>>> print(open('entry_38.txt').read())   # compact mmCIF, C-alpha atoms and all ligand atoms
# COMPACT_ATOMS: atom_id res chain seq x y z
CA MET A 1 167.02 119.83 158.69
CA ASP A 2 164.34 121.50 160.72
CA ASP A 3 164.78 124.60 158.54
CA LEU A 4 164.31 122.51 155.41
CA LYS A 5 161.20 120.93 156.82
CA VAL A 6 159.61 124.23 157.77
CA LYS A 7 160.57 125.81 154.45
CA TYR A 8 159.11 123.08 152.23
CA LEU A 9 156.02 122.33 154.30
CA THR A 10 155.20 126.05 154.16
CA GLN A 11 155.78 126.20 150.40
CA ILE A 12 153.59 123.13 149.93
CA ALA A 13 150.83 124.63 152.05
CA ASN A 14 151.00 127.86 150.05
CA ALA A 15 151.09 126.27 146.57
CA SER A 16 147.99 127.50 144.75
CA ASP A 17 147.94 125.08 141.81
CA GLU A 18 149.46 121.85 140.54
CA ALA A 19 152.26 123.53 138.59
CA GLU A 20 153.46 125.41 141.66
CA LEU A 21 153.29 122.22 143.69
CA GLU A 22 155.36 120.37 141.10
CA ALA A 23 158.02 123.08 141.27
CA VAL A 24 158.18 122.68 145.06
CA ARG A 25 158.45 118.90 144.66
CA LEU A 26 161.40 119.18 142.27
CA ALA A 27 163.20 121.69 144.49
CA ALA A 28 162.67 119.55 147.61
CA VAL A 29 162.69 115.84 146.75
CA GLY A 30 163.49 115.80 143.01
CA LYS A 31 166.69 114.09 141.78
CA LYS A 32 168.61 117.34 142.10
CA GLY A 33 166.50 118.68 144.94
CA GLU A 34 167.78 119.91 148.25
CA VAL A 35 167.02 116.65 150.11
CA ALA A 36 168.91 114.63 147.46
CA LEU A 37 171.91 116.93 147.82
CA LYS A 38 171.82 116.41 151.56
CA MET A 39 171.68 112.64 150.98
CA ARG A 40 174.90 112.91 148.99
CA GLU A 41 176.61 114.56 151.94
CA LEU A 42 176.01 111.37 153.94
CA GLY A 43 179.11 109.85 152.22
CA LYS A 44 181.39 112.37 153.78
CA MET A 45 180.06 111.79 157.26
CA THR A 46 181.44 109.56 159.97
CA PRO A 47 179.46 106.33 160.49
CA GLU A 48 178.08 107.72 163.76
CA GLN A 49 176.90 110.96 162.17
CA ARG A 50 175.44 108.95 159.29
CA GLN A 51 173.44 106.73 161.65
CA VAL A 52 171.64 109.76 162.92
CA ALA A 53 171.42 111.85 159.74
CA GLY A 54 170.37 109.00 157.37
CA PRO A 55 167.10 108.05 159.06
CA ALA A 56 166.34 111.70 159.77
CA LEU A 57 166.77 112.60 156.09
CA ASN A 58 164.58 109.66 155.04
CA ALA A 59 161.93 110.71 157.53
CA LEU A 60 162.10 114.28 156.18
CA LYS A 61 161.73 112.96 152.62
CA ASP A 62 158.72 110.85 153.62
CA GLU A 63 157.11 113.74 155.42
CA ILE A 64 157.56 116.07 152.44
CA ASN A 65 156.22 113.39 150.04
CA SER A 66 153.10 112.78 152.04
CA ALA A 67 152.51 116.53 152.42
CA LEU A 68 152.83 116.79 148.61
CA LEU A 69 150.31 113.97 148.09
CA ALA A 70 147.84 115.47 150.52
CA LYS A 71 148.16 118.89 148.94
CA LYS A 72 147.73 117.39 145.46
CA ALA A 73 144.49 115.73 146.54
CA ALA A 74 143.29 118.94 148.16
CA LEU A 75 144.02 120.92 144.98
CA ALA A 76 142.12 118.35 142.88
CA ASP A 77 139.17 118.53 145.26
CA ALA A 78 139.18 122.31 145.08
CA ALA A 79 139.32 122.18 141.27
CA LEU A 80 136.35 119.79 141.20
CA ASP A 81 134.41 122.00 143.60
CA GLU A 82 135.12 124.97 141.38
CA ARG A 83 133.92 123.09 138.28
CA LEU A 84 130.78 121.98 140.05
CA ARG A 85 130.16 125.57 141.04
CA SER A 86 130.75 127.06 137.61
CA GLU A 87 129.14 124.31 135.50
CA TRP A 88 126.05 124.09 137.69
CA LEU A 89 122.74 123.51 135.94
CA ASP A 90 119.29 123.99 137.35
CA VAL A 91 117.60 120.90 135.98
CA THR A 92 114.28 122.05 137.42
CA LEU A 93 114.11 124.99 134.98
CA PRO A 94 111.40 124.62 132.34
CA THR A 95 112.62 123.29 128.98
CA ARG A 96 113.00 125.55 125.99
CA PRO A 97 109.65 126.24 124.34
CA ARG A 98 109.28 123.79 121.45
CA GLY A 99 106.57 123.57 118.81
CA VAL A 100 103.82 121.12 119.69
CA GLY A 101 103.74 119.80 116.14
CA SER A 102 101.61 121.16 113.35
CA LEU A 103 98.24 120.51 111.80
CA HIS A 104 98.20 118.61 108.53
CA PRO A 105 96.67 120.71 105.72
CA ILE A 106 93.78 118.23 105.51
CA SER A 107 93.01 118.64 109.21
CA GLN A 108 93.25 122.39 108.74
CA ALA A 109 90.95 122.34 105.71
CA SER A 110 88.47 120.11 107.60
CA GLU A 111 88.40 122.52 110.54
CA GLU A 112 87.88 125.42 108.17
CA LEU A 113 85.04 123.87 106.21
CA THR A 114 83.37 122.66 109.41
CA ALA A 115 83.43 126.25 110.69
CA ILE A 116 81.83 127.48 107.47
CA PHE A 117 79.07 124.87 107.32
CA ALA A 118 78.38 125.28 111.04
CA GLU A 119 77.67 128.93 110.30
CA LEU A 120 75.23 127.78 107.58
CA GLY A 121 73.40 125.59 110.10
CA PHE A 122 74.93 122.18 109.32
CA SER A 123 75.88 119.85 112.19
CA VAL A 124 78.70 117.30 111.96
CA GLN A 125 77.99 113.56 111.71
CA GLU A 126 80.33 110.60 111.46
CA GLY A 127 80.14 107.08 110.12
CA PRO A 128 82.40 104.00 109.95
CA ARG A 129 85.14 103.73 107.35
CA VAL A 130 84.48 100.00 107.02
CA ASP A 131 80.83 99.75 106.04
CA THR A 132 78.38 97.21 104.69
CA ASP A 133 77.75 97.20 100.97
CA TRP A 134 74.14 98.03 101.79
CA TYR A 135 75.07 101.45 103.24
CA ASN A 136 77.81 102.12 100.70
CA PHE A 137 75.81 100.97 97.64
CA ASP A 138 72.29 99.48 97.84
CA ALA A 139 70.74 102.15 100.07
CA LEU A 140 72.20 104.75 97.71
CA ASN A 141 70.34 103.23 94.77
CA ILE A 142 73.37 101.31 93.53
CA PRO A 143 72.14 97.70 93.32
CA GLY A 144 74.46 94.72 92.87
CA HIS A 145 74.63 94.76 89.08
CA HIS A 146 75.09 98.52 88.79
CA PRO A 147 78.20 99.64 86.85
CA ALA A 148 78.84 102.39 89.44
CA ARG A 149 80.17 99.66 91.74
CA ALA A 150 82.95 98.86 89.31
CA GLU A 151 83.63 102.53 88.55
CA MET A 152 84.40 103.21 92.19
CA ASP A 153 87.43 100.84 92.33
CA THR A 154 86.16 99.48 95.61
CA PHE A 155 88.36 97.78 98.21
CA TYR A 156 86.50 94.75 99.56
CA MET A 157 87.15 93.28 102.99
CA HIS A 158 87.96 89.59 103.27
CA ARG A 159 85.23 87.23 104.53
CA ALA A 160 86.01 83.97 106.30
CA GLU A 161 86.05 80.86 104.10
CA GLY A 162 82.48 79.59 103.60
CA ASP A 163 80.83 82.87 104.64
CA ASP A 164 78.67 83.78 101.66
CA ARG A 165 77.37 87.13 102.90
CA PRO A 166 78.44 90.10 100.76
CA PRO A 167 81.81 91.46 101.92
CA HIS A 168 82.18 94.69 103.85
CA VAL A 169 83.86 97.50 101.94
CA LEU A 170 86.17 100.36 102.74
CA ARG A 171 83.65 103.12 102.10
CA THR A 172 84.23 104.58 98.65
CA HIS A 173 82.54 107.86 99.56
CA THR A 174 80.98 109.60 102.57
CA SER A 175 77.47 109.19 101.09
CA PRO A 176 76.58 106.18 103.33
CA VAL A 177 76.50 108.71 106.18
CA GLN A 178 73.46 110.27 104.43
CA ILE A 179 71.52 107.08 105.18
CA ARG A 180 72.87 106.71 108.73
CA SER A 181 71.99 110.32 109.52
CA MET A 182 68.46 110.01 108.12
CA GLU A 183 67.92 106.84 110.18
CA LYS A 184 69.27 108.49 113.30
CA MET A 185 67.86 112.00 113.04
CA GLY A 186 64.88 111.95 110.68
CA ALA A 187 63.82 115.07 108.78
CA PRO A 188 64.19 118.00 108.48
CA LEU A 189 67.93 117.51 108.43
CA ARG A 190 71.08 119.52 107.76
CA ILE A 191 74.37 117.67 108.25
CA ILE A 192 77.89 117.43 106.95
CA CYS A 193 80.24 114.49 107.37
CA PRO A 194 83.97 115.02 106.78
CA GLY A 195 86.08 111.88 106.69
CA GLY A 196 88.40 109.44 104.93
CA VAL A 197 87.30 107.33 101.96
CA TYR A 198 89.06 104.69 99.85
CA ARG A 199 89.42 103.82 96.18
CA ALA A 200 92.08 101.85 94.29
CA ASP A 201 93.53 104.76 92.35
CA TYR A 202 96.92 106.47 92.35
CA ASP A 203 98.30 109.47 90.46
CA GLN A 204 99.00 113.20 90.93
CA THR A 205 95.39 113.96 91.93
CA HIS A 206 94.29 110.52 93.22
CA THR A 207 95.41 108.51 96.27
CA PRO A 208 93.92 105.22 97.55
CA MET A 209 92.79 107.02 100.70
CA PHE A 210 91.45 110.54 100.47
CA HIS A 211 88.91 112.77 102.17
CA GLN A 212 85.45 113.97 101.39
CA VAL A 213 82.89 116.07 103.16
CA GLU A 214 79.36 114.92 102.57
CA GLY A 215 76.53 117.41 102.87
CA LEU A 216 72.83 116.69 103.15
CA ALA A 217 69.90 119.08 103.58
CA LEU A 218 66.34 117.75 103.71
CA ASP A 219 63.19 119.75 104.18
CA LYS A 220 59.80 120.24 102.56
CA ASN A 221 60.77 122.84 99.98
CA ILE A 222 64.46 122.61 99.22
CA SER A 223 65.47 123.12 95.59
CA MET A 224 68.51 122.99 93.35
CA ALA A 225 68.79 126.78 93.77
CA ASN A 226 69.48 126.29 97.49
CA LEU A 227 72.22 123.82 96.60
CA LYS A 228 73.85 126.25 94.22
CA TRP A 229 73.75 129.09 96.75
CA VAL A 230 75.17 126.98 99.58
CA LEU A 231 78.02 125.72 97.41
CA GLU A 232 78.88 129.18 96.12
CA GLU A 233 78.80 130.67 99.61
CA PHE A 234 80.95 127.82 100.87
CA VAL A 235 83.57 128.12 98.14
CA LYS A 236 83.86 131.89 98.57
CA ALA A 237 84.23 131.58 102.34
CA PHE A 238 86.70 128.71 102.05
CA PHE A 239 88.98 130.44 99.56
CA GLU A 240 88.52 133.77 101.32
CA VAL A 241 87.70 135.62 98.09
CA ASP A 242 84.69 137.58 96.87
CA ASP A 243 84.35 135.65 93.66
CA VAL A 244 85.35 132.21 92.52
CA GLU A 245 84.42 130.83 89.15
CA LEU A 246 82.53 127.56 89.42
CA ARG A 247 81.32 125.38 86.57
CA PHE A 248 78.20 123.30 87.19
CA ARG A 249 78.24 120.36 84.79
CA ALA A 250 75.23 118.11 84.30
CA SER A 251 76.24 114.67 85.48
CA HIS A 252 74.89 111.41 86.81
CA PHE A 253 74.94 109.76 90.22
CA PRO A 254 72.52 106.93 91.08
CA PHE A 255 71.67 108.66 94.38
CA THR A 256 70.80 112.10 93.01
CA GLU A 257 68.45 113.32 90.30
CA PRO A 258 69.22 115.72 88.73
CA SER A 259 72.98 115.65 89.38
CA ALA A 260 75.77 118.14 88.84
CA GLU A 261 79.50 117.98 89.11
CA VAL A 262 81.23 121.21 90.03
CA ASP A 263 84.64 122.32 88.79
CA ILE A 264 86.68 125.29 89.89
CA ARG A 265 88.77 127.44 87.56
CA CYS A 266 92.49 126.98 88.12
CA SER A 267 95.92 127.03 86.51
CA TRP A 268 98.76 124.51 86.77
CA GLU A 269 101.33 126.78 85.16
CA GLY A 270 104.94 126.16 86.14
CA GLY A 271 103.95 123.28 88.38
CA THR A 272 102.09 125.51 90.81
CA LEU A 273 98.40 125.24 91.28
CA LYS A 274 96.45 128.50 91.47
CA ILE A 275 92.73 129.02 91.81
CA GLY A 276 90.63 131.59 90.05
CA GLU A 277 92.90 131.97 87.02
CA GLY A 278 94.03 129.98 83.98
CA ASP A 279 92.21 127.74 81.53
CA ASP A 280 92.02 124.55 83.56
CA TRP A 281 89.20 123.19 85.65
CA LEU A 282 89.62 120.94 88.67
CA GLU A 283 86.64 118.87 89.69
CA ILE A 284 86.01 119.39 93.38
CA LEU A 285 82.58 117.96 94.06
CA GLY A 286 79.56 115.95 93.02
CA SER A 287 76.07 117.01 93.98
CA GLY A 288 72.40 116.87 93.17
CA MET A 289 68.84 116.52 94.47
CA VAL A 290 68.59 113.42 96.65
CA HIS A 291 66.88 110.53 94.79
CA PRO A 292 63.49 109.60 96.28
CA LYS A 293 64.65 105.99 96.65
CA VAL A 294 67.54 107.16 98.82
CA ILE A 295 65.24 109.21 101.05
CA ALA A 296 62.99 106.17 101.41
CA ALA A 297 66.00 103.95 102.22
CA GLY A 298 66.78 106.37 105.06
CA GLY A 299 63.27 105.80 106.46
CA ILE A 300 61.86 109.17 105.42
CA ASP A 301 58.81 109.79 103.24
CA PRO A 302 60.05 111.13 99.87
CA ASP A 303 56.59 112.48 99.09
CA VAL A 304 56.93 114.89 102.01
CA TYR A 305 60.65 115.63 102.12
CA GLN A 306 63.19 116.47 99.45
CA GLY A 307 66.61 118.00 99.49
CA PHE A 308 70.12 118.23 98.13
CA ALA A 309 73.36 116.39 98.80
CA PHE A 310 76.94 116.96 97.83
CA GLY A 311 80.33 115.30 98.28
CA ILE A 312 83.36 117.58 98.18
CA GLY A 313 86.97 116.40 97.87
CA ILE A 314 88.71 117.93 100.89
CA ASP A 315 92.21 117.08 99.66
CA ARG A 316 91.54 118.85 96.37
CA LEU A 317 90.33 121.92 98.25
CA ALA A 318 93.51 121.93 100.35
CA MET A 319 95.69 121.53 97.23
CA LEU A 320 93.99 124.50 95.61
CA LYS A 321 93.93 126.75 98.65
CA TYR A 322 97.50 126.14 99.74
CA GLY A 323 99.01 125.67 96.26
CA ILE A 324 100.15 122.08 96.80
CA PRO A 325 100.53 120.48 93.37
CA ASP A 326 100.81 116.76 94.19
CA LEU A 327 98.22 114.96 96.29
CA ARG A 328 100.55 112.02 96.95
CA ALA A 329 102.79 114.19 99.15
CA PHE A 330 99.88 114.60 101.58
CA PHE A 331 100.29 111.02 102.73
CA GLU A 332 104.04 110.49 102.64
CA SER A 333 104.55 111.67 106.25
CA ASP A 334 107.64 113.65 105.24
CA LEU A 335 108.35 115.89 108.25
CA ARG A 336 109.99 118.57 106.08
CA TRP A 337 106.79 118.76 104.00
CA LEU A 338 104.65 118.90 107.16
CA ARG A 339 106.78 121.67 108.64
CA HIS A 340 106.42 123.62 105.42
CA TYR A 341 102.71 123.13 104.81
CA GLY A 342 101.53 122.47 108.38
CA PHE A 343 99.41 124.88 110.43
CA SER A 344 99.61 125.96 114.04
CA CYS A 345 97.44 123.71 116.17
CA LEU A 346 96.70 126.62 118.46
CA ASP A 347 94.92 128.76 115.87
CA VAL A 348 91.36 127.53 115.67
CA PRO A 349 89.77 128.63 112.38
CA THR A 350 86.60 130.66 112.75
CA LEU A 351 84.76 132.83 110.28
CA HIS A 352 85.10 135.93 112.41
CA GLY A 353 88.72 135.31 113.51
CA GLY A 354 89.98 134.32 110.06
CA LEU A 355 90.12 130.82 108.62
CA SER A 356 93.72 130.21 107.69
CA ARG A 357 95.76 132.90 109.37
N1 LIG A 401 79.44 110.31 96.49
C1 LIG A 401 79.79 111.00 95.29
C2 LIG A 401 81.25 110.67 94.93
O1 LIG A 401 81.97 110.23 95.78
C3 LIG A 401 79.67 112.48 95.42
C4 LIG A 401 78.27 112.92 95.65
C5 LIG A 401 77.77 113.06 96.92
C6 LIG A 401 77.43 113.17 94.56
C7 LIG A 401 76.45 113.48 97.12
C8 LIG A 401 76.15 113.60 94.75
C9 LIG A 401 75.66 113.75 96.02
O2 LIG A 401 81.68 110.83 93.81
>>> encode(input="entry_38.txt", output="structure tokens", more="lines below")
Ligand code: PHE
Amino acid sequence: MDDLKVKYLTQIANASDEAELEAVRLAAVGKKGEVALKMRELGKMTPEQRQVAGPALNALKDEINSALLAKKAALADAALDERLRSEWLDVTLPTRPRGVGSLHPISQASEELTAIFAELGFSVQEGPRVDTDWYNFDALNIPGHHPARAEMDTFYMHRAEGDDRPPHVLRTHTSPVQIRSMEKMGAPLRIICPGGVYRADYDQTHTPMFHQVEGLALDKNISMANLKWVLEEFVKAFFEVDDVELRFRASHFPFTEPSAEVDIRCSWEGGTLKIGEGDDWLEILGSGMVHPKVIAAGGIDPDVYQGFAFGIGIDRLAMLKYGIPDLRAFFESDLRWLRHYGFSCLDVPTLHGGLSR
């Protein structure tokens, strides 16, 4: 019995995995194992022999069983240790580099045009998107009865019951910033104001919210020729080409006299929008010489100062430059669209470094 004990305890100690241990268990204390065979021999023994051998065999069986259990636990511990060693992760390592998002084409276009006008000496001004009807209309020579108010499809803000003052509006253009800038800065003046504007309109080239950049230059001897040069220089720089065909069309705005709308030659063939070719024209801006009444409304003497103003549709510029045919997609927040048309936020557009690279 001592031989059996030494033999199996050694085998158990040496077992290197669970399968080996199971084999030892079957050979030792399994139904047909050596200890079971010894138990069977008890029948042939005398009662005296049995009284000694029985308890001894049971003790041997118990000892082997508990050695098996202990070894099993030790093997499991070792396996866990091994897994912990091999599957170890350094959670303090930096994460994988991920994109930090992308710039919306309108943000990109705004940065680009700001860089261009900055080079031409224009500073950037801002104004509120909810404005009084005085700034949005009256000060711009659009009095209450004027049809231009209806043409603009204005969104009016709600006034409290019983409040008879004229309602605030969602600004229908960036032109109110002309007045605010004149009030704030006086003349001479050279500013642009990029920003969101609102009109109740919705189709392939119109959305209820869109973006304009207002421009205003006031001095003592500014003429329509200066306006034309600035716009041509701007369009060439923005589209990064030597020549772009522009069409100046006589037009009417209450706040400029004379006024011109400017279209750019483009083609819509096959659903893609291309600039500089084709037989179509896309209107991209309104402009003109600032009306004396508007200069006066801004607190400046129109007999001393004159100048030009323009309002360019930023979204239209972005559509043309990046070949995006439907304006509505700009505002649908579809991540796949943004990943496709978005720009790196780390590339700041400059005239010397390249605008849209
Ligand atoms: N505010 C005009 C518009 O939204 C554009 C414009 C601006 C025209 C400045 C002339 C001068 O249509």
>>> axis_aligned_box(input="entry_38.txt", around="stretch 276-293 of chain A", padding_each_side="4 Å", output="JSON")
{"center_x": 78.8, "center_y": 119.0, "center_z": 89.1, "size_x": 38.5, "size_y": 34.0, "size_z": 23.1}
>>> residues_around(input="entry_38.txt", residues="A:Arg25", least_positions_apart="5", cutoff="10 Å", atoms="only C-alpha atoms", output="list in words")
Tyr8, Gln11, Ile12, Ala19, Glu20, Gly30, Lys31, Gly33, Ile64, Asn65 and Leu68 of chain A
>>> residues_near_ligand(input="entry_38.txt", ligand="ligand LIG 401 (chain A)", cutoff="6 Å", atoms="all atoms listed in the file", output="list in words")
His173, Ser175, Thr256, Gly286, Ser287, Gly288, Ala309, Phe310 and Gly311 of chain A
>>> atom_distance(input="entry_38.txt", atom1="atom CA of A:Gly313", atom2="atom CA of A:Gln212")
4.5 Å
>>> atom_distance(input="entry_38.txt", atom1="atom CA of A:Asp315", atom2="atom CA of A:Leu327")
7.2 Å
>>> closest_atom_pairs(input="entry_38.txt", of="stretch 25-142 of chain A", to="stretch 236-250 of chain A", cutoff="10 Å", atoms="all atoms listed in the file", output="CSV")
residue,atom,partner,partner_atom,distance
A:Ala109,CA,A:Phe238,CA,8.5
A:Glu112,CA,A:Phe238,CA,7.0
A:Leu113,CA,A:Phe238,CA,6.6
A:Ala115,CA,A:Phe238,CA,9.6
A:Ile116,CA,A:Ala237,CA,7.0
A:Phe117,CA,A:Ala237,CA,9.8
>>> closest_residue(input="entry_38.txt", among="A:Lys32, A:Glu151, A:Asp133, A:Leu75", to="A:Asn14", atoms="all atoms listed in the file")
A:Leu75
>>> residues_around(input="entry_38.txt", residues="A:Tyr341", least_positions_apart="4", cutoff="9 Å", atoms="all atoms listed in the file", output="list in words")
Ser102, Leu103, His104, Pro105, Tyr322, Ile324, Arg336 and Trp337 of chain A
>>> write_last_selection(input="entry_38.txt", atoms="C-alpha atoms", output="PDB file, keeping the file's coordinate frame")
ATOM      1  CA  SER A 102     101.610 121.160 113.350  1.00  0.00           C
ATOM      2  CA  LEU A 103      98.240 120.510 111.800  1.00  0.00           C
ATOM      3  CA  HIS A 104      98.200 118.610 108.530  1.00  0.00           C
ATOM      4  CA  PRO A 105      96.670 120.710 105.720  1.00  0.00           C
ATOM      5  CA  TYR A 322      97.500 126.140  99.740  1.00  0.00           C
ATOM      6  CA  ILE A 324     100.150 122.080  96.800  1.00  0.00           C
ATOM      7  CA  ARG A 336     109.990 118.570 106.080  1.00  0.00           C
ATOM      8  CA  TRP A 337     106.790 118.760 104.000  1.00  0.00           C
TER       9      TRP A 337
END
>>> closest_residue(input="entry_38.txt", among="A:Val304, A:Cys193, A:Leu89, A:Leu57", to="A:Asp219", atoms="only C-alpha atoms")
A:Val304
>>> closest_residue(input="entry_38.txt", among="A:His252, A:Leu9, A:Pro47, A:Pro188", to="A:Ser66", atoms="all atoms listed in the file")
A:Leu9
